[in-house]
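**Q** My structure file final-v6.cif, mmCIF, C-alpha atoms, is below:
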data_input
#
loop_
_atom_site.label_atom_id
_atom_site.label_comp_id
_atom_site.auth_asym_id
_atom_site.auth_seq_id
_atom_site.Cartn_x
_atom_site.Cartn_y
_atom_site.Cartn_z
CA MET A 1 0.00 0.00 0.00
CA PRO A 2 1.48 3.36 -0.96
CA THR A 3 2.24 5.89 1.74
CA GLU A 4 0.67 9.34 1.70
CA GLY A 5 3.76 10.85 0.09
CA GLU A 6 3.83 8.21 -2.63
CA GLU A 7 0.20 8.91 -3.57
CA LYS A 8 1.06 12.39 -4.74
CA LEU A 9 2.24 12.93 -8.26
CA ASP A 10 5.94 13.58 -8.64
CA PRO A 11 6.41 17.41 -8.86
CA ALA A 12 8.62 16.90 -11.91
CA VAL A 13 5.75 15.12 -13.65
CA VAL A 14 3.38 17.95 -12.69
CA ALA A 15 5.87 20.48 -14.06
CA GLU A 16 6.05 18.53 -17.29
CA LEU A 17 2.25 18.42 -17.52
CA TYR A 18 2.17 22.15 -16.92
CA LEU A 19 4.61 22.85 -19.73
CA LYS A 20 2.66 20.60 -22.05
CA TYR A 21 -0.94 21.59 -21.34
CA ALA A 22 -1.10 24.85 -19.37
CA GLU A 23 -1.44 27.03 -22.46
CA GLU A 24 -4.33 25.01 -23.85
CA LEU A 25 -5.92 24.62 -20.42
CA ARG A 26 -5.79 28.36 -19.83
CA ALA A 27 -7.49 29.02 -23.17
CA PHE A 28 -10.15 26.45 -22.30
CA LEU A 29 -10.70 28.01 -18.88
CA ILE A 30 -10.96 31.49 -20.38
CA GLY A 31 -13.56 30.13 -22.80
CA VAL A 32 -15.63 28.72 -19.95
CA LEU A 33 -15.13 31.52 -17.42
CA ARG A 34 -14.69 34.53 -19.74
CA ASN A 35 -12.53 36.05 -17.10
CA ARG A 36 -8.75 35.90 -17.41
CA GLU A 37 -8.05 36.41 -13.75
CA LEU A 38 -10.41 33.65 -12.66
CA ALA A 39 -9.08 31.42 -15.42
CA GLY A 40 -5.59 31.87 -13.95
CA GLU A 41 -6.87 30.94 -10.49
CA ALA A 42 -8.74 27.93 -11.85
CA LEU A 43 -5.58 26.84 -13.65
CA GLN A 44 -3.64 26.99 -10.39
CA ALA A 45 -6.36 25.04 -8.61
CA THR A 46 -6.26 22.43 -11.38
CA PHE A 47 -2.54 21.84 -10.97
CA THR A 48 -2.87 21.79 -7.20
CA LYS A 49 -5.36 18.95 -7.68
CA ALA A 50 -2.92 17.33 -10.09
CA MET A 51 -0.25 17.39 -7.38
CA GLU A 52 -2.63 15.87 -4.87
CA SER A 53 -4.44 13.27 -6.89
CA GLY A 54 -2.97 13.24 -10.38
CA HIS A 55 -1.63 9.76 -9.70
CA THR A 56 -5.17 8.42 -10.13
CA ALA A 57 -5.09 9.32 -13.82
CA ARG A 58 -3.55 6.89 -16.24
CA GLN A 59 -0.72 8.39 -18.24
CA GLU A 60 -2.55 8.03 -21.56
CA THR A 61 -5.56 9.92 -20.22
CA GLN A 62 -3.68 12.59 -18.28
CA LYS A 63 -4.71 15.37 -20.65
CA GLY A 64 -8.38 14.41 -20.48
CA TRP A 65 -8.13 14.11 -16.72
CA LEU A 66 -6.57 17.57 -16.39
CA PHE A 67 -9.21 19.14 -18.62
CA ARG A 68 -11.99 17.42 -16.71
CA VAL A 69 -10.58 18.70 -13.41
CA ALA A 70 -10.15 22.15 -14.97
CA PHE A 71 -13.75 22.12 -16.19
CA HIS A 72 -15.08 21.21 -12.74
CA GLU A 73 -12.90 23.89 -11.16
CA ALA A 74 -14.21 26.41 -13.70
CA MET A 75 -17.83 25.50 -13.01
CA ALA A 76 -17.20 25.81 -9.27
CA PHE A 77 -15.62 29.24 -9.83
CA LYS A 78 -18.54 30.19 -12.03
CA ARG A 79 -21.05 29.33 -9.34
CA ARG A 80 -19.00 31.02 -6.66
CA HIS A 81 -18.29 34.20 -8.57
CA LYS A 82 -21.48 34.36 -10.64
CA VAL A 83 -19.37 35.00 -13.72
CA GLN A 84 -21.08 37.27 -16.21
CA GLU A 85 -22.08 35.77 -19.52
CA LYS A 86 -20.17 38.19 -21.64
CA ALA A 87 -18.50 37.47 -24.91
CA TYR A 88 -14.89 36.40 -24.90
CA TRP A 89 -13.69 39.29 -27.08
CA LYS A 90 -15.54 41.77 -24.92
CA LEU A 91 -13.28 40.50 -22.18
CA ALA A 92 -10.31 40.77 -24.51
CA GLY A 93 -11.33 44.37 -25.23
CA ASP A 94 -11.36 45.09 -21.51
CA GLN A 95 -7.77 43.88 -21.39
CA LYS A 96 -6.53 46.27 -24.07
CA GLU A 97 -5.35 48.78 -21.52
CA VAL A 98 -3.11 46.28 -19.79
CA GLY A 99 -1.85 44.33 -22.74
CA ARG A 100 -2.67 42.76 -26.03
CA PRO A 101 -4.25 39.31 -25.97
CA ALA A 102 -1.31 37.82 -27.86
CA GLU A 103 0.97 38.84 -25.02
CA ASP A 104 -0.74 36.26 -22.88
CA HIS A 105 1.05 33.63 -24.94
CA LEU A 106 -2.18 31.86 -25.75
CA VAL A 107 -1.21 32.08 -29.36
CA ARG A 108 2.09 31.83 -31.15
CA TRP A 109 3.08 34.49 -33.62
CA GLU A 110 3.35 32.03 -36.48
CA GLN A 111 -0.27 31.13 -35.83
CA VAL A 112 -1.22 34.80 -35.82
CA ASP A 113 0.57 35.21 -39.12
CA ARG A 114 -1.27 32.27 -40.65
CA VAL A 115 -4.56 33.72 -39.45
CA ARG A 116 -3.62 37.07 -40.99
CA VAL A 117 -3.11 35.38 -44.37
CA ALA A 118 -6.33 33.40 -43.98
CA LEU A 119 -8.26 36.56 -43.07
CA ALA A 120 -6.96 38.33 -46.16
CA ASP A 121 -7.95 35.35 -48.30
CA LEU A 122 -11.55 35.35 -47.09
CA PRO A 123 -14.18 36.56 -49.55
CA PRO A 124 -15.10 40.20 -48.75
CA GLU A 125 -18.62 39.24 -47.64
CA GLN A 126 -17.13 36.92 -45.01
CA GLN A 127 -14.47 39.43 -43.97
CA VAL A 128 -17.17 41.98 -43.21
CA ILE A 129 -18.92 39.58 -40.87
CA VAL A 130 -15.69 38.61 -39.08
CA ASN A 131 -14.73 42.27 -38.63
CA LYS A 132 -18.11 43.27 -37.31
CA ARG A 133 -18.38 40.28 -34.99
CA ILE A 134 -14.88 40.21 -33.54
CA TYR A 135 -13.49 43.73 -33.81
CA GLU A 136 -16.70 45.72 -33.56
CA GLU A 137 -18.21 43.25 -31.06
CA LYS A 138 -21.62 43.28 -32.71
CA THR A 139 -24.03 40.42 -32.30
CA PHE A 140 -25.06 38.41 -35.35
CA ALA A 141 -28.57 39.85 -35.09
CA VAL A 142 -27.22 43.42 -35.22
CA ILE A 143 -24.92 42.56 -38.12
CA ALA A 144 -27.84 41.04 -40.03
CA ALA A 145 -29.90 44.17 -39.47
CA GLU A 146 -27.03 46.47 -40.46
CA LEU A 147 -26.26 44.58 -43.65
CA ASN A 148 -29.93 43.98 -44.40
CA LEU A 149 -29.31 40.22 -44.62
CA PRO A 150 -31.21 37.27 -43.18
CA LEU A 151 -29.68 36.10 -39.87
CA GLY A 152 -29.11 32.67 -41.41
CA THR A 153 -26.93 34.15 -44.14
CA VAL A 154 -24.81 36.01 -41.60
CA LEU A 155 -24.40 32.85 -39.51
CA THR A 156 -23.47 30.78 -42.56
CA ARG A 157 -20.86 33.31 -43.67
CA MET A 158 -19.32 33.45 -40.21
CA ARG A 159 -19.33 29.69 -39.97
CA LEU A 160 -17.59 29.31 -43.33
CA ALA A 161 -15.06 31.98 -42.39
CA LEU A 162 -14.40 30.31 -39.06
CA LYS A 163 -13.84 26.96 -40.76
CA LYS A 164 -11.18 28.46 -43.05
CA LEU A 165 -9.52 30.32 -40.20
CA GLN A 166 -9.45 27.19 -38.03
CA GLN A 167 -7.91 25.18 -40.87
CA LYS A 168 -5.11 27.72 -41.26
CA PHE A 169 -4.70 28.11 -37.51
CA HIS A 170 -4.07 24.38 -37.05
CA GLU A 171 -2.24 23.88 -40.34
CA THR A 172 1.08 22.61 -38.99
CA GLU A 173 -0.27 21.02 -35.85
CA MET B 1 -29.68 14.61 -26.90
CA ASN B 2 -26.50 16.45 -26.11
CA ALA B 3 -25.07 19.64 -27.51
CA HIS B 4 -23.50 17.69 -30.35
CA GLN B 5 -26.94 17.05 -31.72
CA ASN B 6 -29.30 19.39 -33.48
CA ASN B 7 -33.08 19.48 -33.06
CA SER B 8 -33.59 16.58 -35.42
CA GLY B 9 -31.24 14.47 -33.31
CA GLU B 10 -28.52 14.37 -35.97
CA PRO B 11 -25.00 14.80 -34.69
CA HIS B 12 -23.24 18.09 -35.46
CA GLU B 13 -20.18 16.16 -36.61
CA GLY B 14 -18.20 19.01 -38.14
CA ASP B 15 -19.92 21.68 -36.07
CA LEU B 16 -18.07 21.35 -32.82
CA ASP B 17 -15.84 24.31 -33.67
CA TRP B 18 -18.89 26.38 -34.51
CA LEU B 19 -20.64 25.37 -31.27
CA ALA B 20 -17.51 26.18 -29.28
CA PHE B 21 -17.20 29.53 -31.03
CA ARG B 22 -20.80 30.43 -30.26
CA TYR B 23 -20.34 29.31 -26.65
CA VAL B 24 -17.18 31.35 -26.19
CA SER B 25 -18.63 34.39 -27.94
CA GLY B 26 -21.74 34.41 -25.76
CA GLU B 27 -23.98 33.84 -28.79
CA MET B 28 -25.53 30.71 -27.30
CA PRO B 29 -28.87 30.82 -25.48
CA THR B 30 -28.62 29.86 -21.79
CA ASP B 31 -30.30 26.48 -22.17
CA GLU B 32 -28.13 25.53 -25.13
CA ALA B 33 -25.03 26.72 -23.25
CA ALA B 34 -25.98 24.52 -20.29
CA LEU B 35 -26.38 21.60 -22.67
CA PHE B 36 -23.01 22.32 -24.21
CA GLU B 37 -21.44 22.43 -20.75
CA GLN B 38 -22.79 18.92 -20.15
CA THR B 39 -20.89 17.87 -23.24
CA LEU B 40 -17.79 19.67 -21.95
CA ALA B 41 -17.97 17.64 -18.76
CA GLU B 42 -17.68 14.42 -20.78
CA ASP B 43 -16.05 15.09 -24.09
CA GLN B 44 -12.40 16.05 -24.52
CA THR B 45 -12.98 16.93 -28.20
CA ALA B 46 -15.48 19.58 -27.12
CA ARG B 47 -13.05 20.91 -24.52
CA ASP B 48 -10.33 21.10 -27.16
CA ALA B 49 -12.74 22.98 -29.42
CA VAL B 50 -13.36 25.59 -26.71
CA ALA B 51 -9.63 26.07 -26.16
CA SER B 52 -9.15 26.33 -29.91
CA ALA B 53 -11.96 28.89 -30.27
CA VAL B 54 -10.32 31.10 -27.64
CA GLN B 55 -6.88 30.74 -29.21
CA LEU B 56 -8.22 31.54 -32.68
CA THR B 57 -10.08 34.58 -31.38
CA ASP B 58 -6.89 35.72 -29.67
CA ALA B 59 -5.02 35.39 -32.93
CA VAL B 60 -7.64 37.44 -34.78
CA LEU B 61 -7.67 40.06 -32.01
CA ALA B 62 -3.89 40.26 -32.13
CA LEU B 63 -4.26 41.50 -35.71
CA ALA B 64 -6.59 44.33 -34.70
CA PRO B 65 -5.25 47.88 -34.71
CA THR B 66 -4.34 49.11 -31.24
CA HIS B 67 -6.75 51.19 -29.19
CA SER B 68 -4.69 54.36 -29.52
CA GLN B 69 -4.37 53.92 -33.27
CA ILE B 70 -8.12 53.70 -33.58
CA THR B 71 -9.05 56.60 -31.37
CA GLN B 72 -6.66 59.48 -31.87
CA PRO B 73 -4.11 59.44 -34.63
CA VAL B 74 -4.72 62.80 -36.39
CA PRO B 75 -5.61 65.10 -33.46
CA ALA B 76 -2.51 63.95 -31.58
CA THR B 77 -0.32 64.94 -34.54
CA ARG B 78 -2.01 68.32 -34.80
CA ARG B 79 -1.54 68.95 -31.11
CA ASN B 80 2.11 67.95 -31.33
CA VAL B 81 2.73 70.43 -34.15
CA TRP B 82 0.99 73.21 -32.20
CA ARG B 83 2.93 72.35 -29.06
CA GLU B 84 6.17 72.50 -30.99
CA ARG B 85 5.21 75.92 -32.40
CA ALA B 86 4.21 77.19 -28.95
CA ALA B 87 7.51 76.00 -27.50
CA TRP B 88 9.44 77.89 -30.18
CA MET B 89 7.31 80.98 -29.61
CA VAL B 90 8.02 80.94 -25.89
CA ALA B 91 11.72 80.27 -26.45
CA GLY B 92 11.83 83.15 -28.96
CA ALA B 93 10.03 85.52 -26.61
CA ALA B 94 12.34 84.60 -23.74
CA ALA B 95 15.44 85.13 -25.90
CA ALA B 96 14.10 88.51 -27.08
CA CYS B 97 13.49 89.57 -23.47
CA VAL B 98 16.98 88.53 -22.40
CA LEU B 99 18.54 90.44 -25.33
CA PHE B 100 16.43 93.47 -24.57
CA LEU B 101 17.37 93.47 -20.88
CA VAL B 102 21.05 92.99 -21.66
CA SER B 103 21.08 95.83 -24.20
CA TRP B 104 19.06 98.04 -21.85
CA ASP B 105 21.49 97.38 -19.00
CA MET B 106 24.49 98.08 -21.23
CA GLY B 107 22.98 101.41 -22.27
CA HIS B 108 22.52 102.57 -18.68
CA THR B 109 25.19 103.22 -16.09
CA PRO B 110 23.47 102.16 -12.95
CA ARG B 111 23.46 104.42 -9.99
CA GLY B 112 23.09 103.11 -6.47
CA SER B 113 19.37 103.75 -6.34
CA ASP B 114 18.96 102.24 -9.83
CA MET B 115 20.76 99.12 -8.66
CA ALA B 116 18.38 98.85 -5.72
CA ILE B 117 15.39 99.32 -7.97
CA SER B 118 16.79 96.79 -10.45
CA ALA B 119 17.20 94.15 -7.76
CA GLU B 120 13.73 94.89 -6.46
CA LYS B 121 12.33 94.80 -9.98
CA ALA B 122 14.12 91.54 -10.76
CA GLY B 123 12.64 89.95 -7.66
CA GLU B 124 9.18 91.14 -8.63
CA ILE B 125 9.66 89.88 -12.18
CA ASN B 126 10.73 86.46 -10.92
CA ARG B 127 7.80 86.28 -8.53
CA VAL B 128 5.26 87.22 -11.23
CA ALA B 129 6.82 84.79 -13.68
CA ALA B 130 6.75 81.97 -11.13
CA VAL B 131 3.12 82.65 -10.22
CA TRP B 132 2.10 82.70 -13.88
CA SER B 133 4.12 79.60 -14.60
CA ASP B 134 2.51 77.68 -11.72
CA THR B 135 -0.97 78.86 -12.62
CA ASN B 136 -0.47 77.93 -16.23
CA LEU B 137 0.92 74.52 -15.38
CA PHE B 138 -2.02 73.80 -13.07
CA ALA B 139 -4.39 74.82 -15.82
CA GLN B 140 -2.48 72.61 -18.23
CA ALA B 141 -2.67 69.69 -15.81
CA ASP B 142 -6.45 70.07 -15.72
CA MET B 143 -6.60 70.15 -19.49
CA ASP B 144 -4.33 67.12 -19.66
CA THR B 145 -6.70 65.13 -17.49
CA ALA B 146 -9.61 66.10 -19.67
CA ASP B 147 -7.70 65.23 -22.83
CA ASP B 148 -6.44 61.94 -21.41
CA ASP B 149 -3.28 62.48 -23.45
CA ASP B 150 -0.12 61.06 -21.90
CA ASP B 151 2.20 63.10 -24.14
CA VAL B 152 0.72 66.34 -22.91
CA ALA B 153 1.61 65.71 -19.28
CA ALA B 154 5.21 65.24 -20.29
CA ASP B 155 5.25 68.56 -22.14
CA PRO B 156 4.83 71.59 -19.83
CA LEU B 157 4.77 73.92 -22.83
CA HIS B 158 1.61 72.39 -24.18
CA ASP B 159 -0.57 75.08 -25.77
CA VAL B 160 1.40 77.82 -24.05
CA GLN B 161 0.45 81.39 -24.93
CA VAL B 162 2.48 84.21 -23.45
CA PRO B 163 0.10 86.82 -22.07
CA GLY B 164 0.85 90.49 -22.74
CA TRP B 165 0.98 91.44 -19.07
CA LEU B 166 3.67 88.82 -18.43
CA LEU B 167 5.70 90.12 -21.33
CA ALA B 168 5.31 93.62 -19.87
CA ALA B 169 6.33 92.42 -16.40
CA VAL B 170 9.38 90.55 -17.63
CA CYS B 171 10.57 92.91 -20.36
CA GLY B 172 9.29 96.23 -19.08
CA ASP B 173 6.85 98.66 -20.58
CA GLU B 174 9.09 99.35 -23.57
CA SER B 175 8.84 95.86 -24.99
CA ALA B 176 5.08 95.84 -24.43
CA LYS B 177 4.90 99.08 -26.36
CA GLU B 178 7.01 97.56 -29.12
CA LYS B 179 4.73 94.57 -29.21
CA GLN B 180 1.72 96.81 -29.34
CA GLU B 181 3.27 98.75 -32.22
CA GLU B 182 4.06 95.53 -34.06
CA THR B 183 0.49 94.40 -33.62
CA ASN B 184 -0.78 97.71 -34.99
#
As structure tokens - that is how I would like this structure written.

**A**
Amino acid sequence: MPTEGEEKLDPAVVAELYLKYAEELRAFLIGVLRNRELAGEALQATFTKAMESGHTARQETQKGWLFRVAFHEAMAFKRRHKVQEKAYWKLAGDQKEVGRPAEDHLVRWEQVDRVRVALADLPPEQQVIVNKRIYEEKTFAVIAAELNLPLGTVLTRMRLALKKLQQKFHETE
Amino acid sequence: MNAHQNNSGEPHEGDLDWLAFRYVSGEMPTDEAALFEQTLAEDQTARDAVASAVQLTDAVLALAPTHSQITQPVPATRRNVWRERAAWMVAGAAAACVLFLVSWDMGHTPRGSDMAISAEKAGEINRVAAVWSDTNLFAQADMDTADDDDDVAADPLHDVQVPGWLLAAVCGDESAKEKQEETN
């Protein structure tokens, strides 16, 4: 029977897991919490749990285990802090005064560059929707009204644009 | 039915990215978001899609022009040009005053009483100049706060205009007269 000390995950293993998954986990937590500060706290809590009971996860499922723990931490934070349901880029806009989103190292510059190329390659009618949705922070309903288009058309254009951007974003991964 | 399925019960096979994007962007109704969160509790692919949606959005946002570039490119340039002009005007006026005082002093052999008056006058001039300078800087500080322009705070000569009475106090009545004549 393992002693209490042996039950804990080796700190070196936790450090390795952190290096491997922290970036992705943070992005996931931001997506769920829409609050960078809370996402950082939830990330810490996740790795604290990993130290304490990460040994229960099989090595091949460690990523899934970490994300599951992170999700439960995020939901607990959400309940505790009554996190507002605001859009992610609204949150990113709030952060403009303290730093650009890319400085959070959630994205690599080569990915940003690929997205820049993909954005430029989008048909103009899709570019308009992306700009209005992400930079101007308008809802799809408002965009549809502004462009005098059916909501379905706006959604389809955004969806197609997103698909192309995602393809480019993950190109070398 | 989970969030991977649409109303007809068909799976949203290729739509996970779209669902994640709508979830992250707050474009998902509350009940659908709750359903999607159930999926997130079970499905690593969905969790990956959420992380990916945030990373992609970050990448797109990183390409956006900066806040300052959007809000105030042209007015800032105009203000800078005006500030530069004002600084040169003040520097010119100060140099003219110094030259005038030097030439005036050289043209007069001071007597004892003149010396006393000069010292008294110099003290008065300094005091008036300091009061005006402080007042002007306080006024500038107020304007800076209203403008919310960082460059302005660093430049004490912002929008400086030399009032006639200060010119008269520093340079004497003669220079004020000269200025008046020039104006006319």

**Q** Taking all atoms listed in the file into account, which residues of chain B are within 10 Å of chain A, as a PyMOL selection string?

**A** chain B and resi 14-15+17-28+30+37+40-68

**Q** Please compute the atom CA of A:Pro150-atom CA of A:Val117 distance, one decimal, in Å.

**A**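 Going from atom CA of A:Pro150 over to atom CA of A:Val117, I get 28.2 Å.
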
**Q** Using atom CA of A:Lys8 and atom CA of A:Thr48 as the two end points, give the distance in Å to one decimal.

**A**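 Pair atom CA of A:Lys8 / atom CA of A:Thr48 returns 10.5 Å.
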
**Q** When you draw a straight line from atom CA of A:Ala161 to atom CA of A:Ile129, how long is it in Å?

**A** 8.7 Å

**Q** From (-8.4, 30.6, -11.0), in the file's coordinates, out to 10 Å: which residues are reached, counting all atoms listed in the file? Answer as a count of residues only.

**A** 20
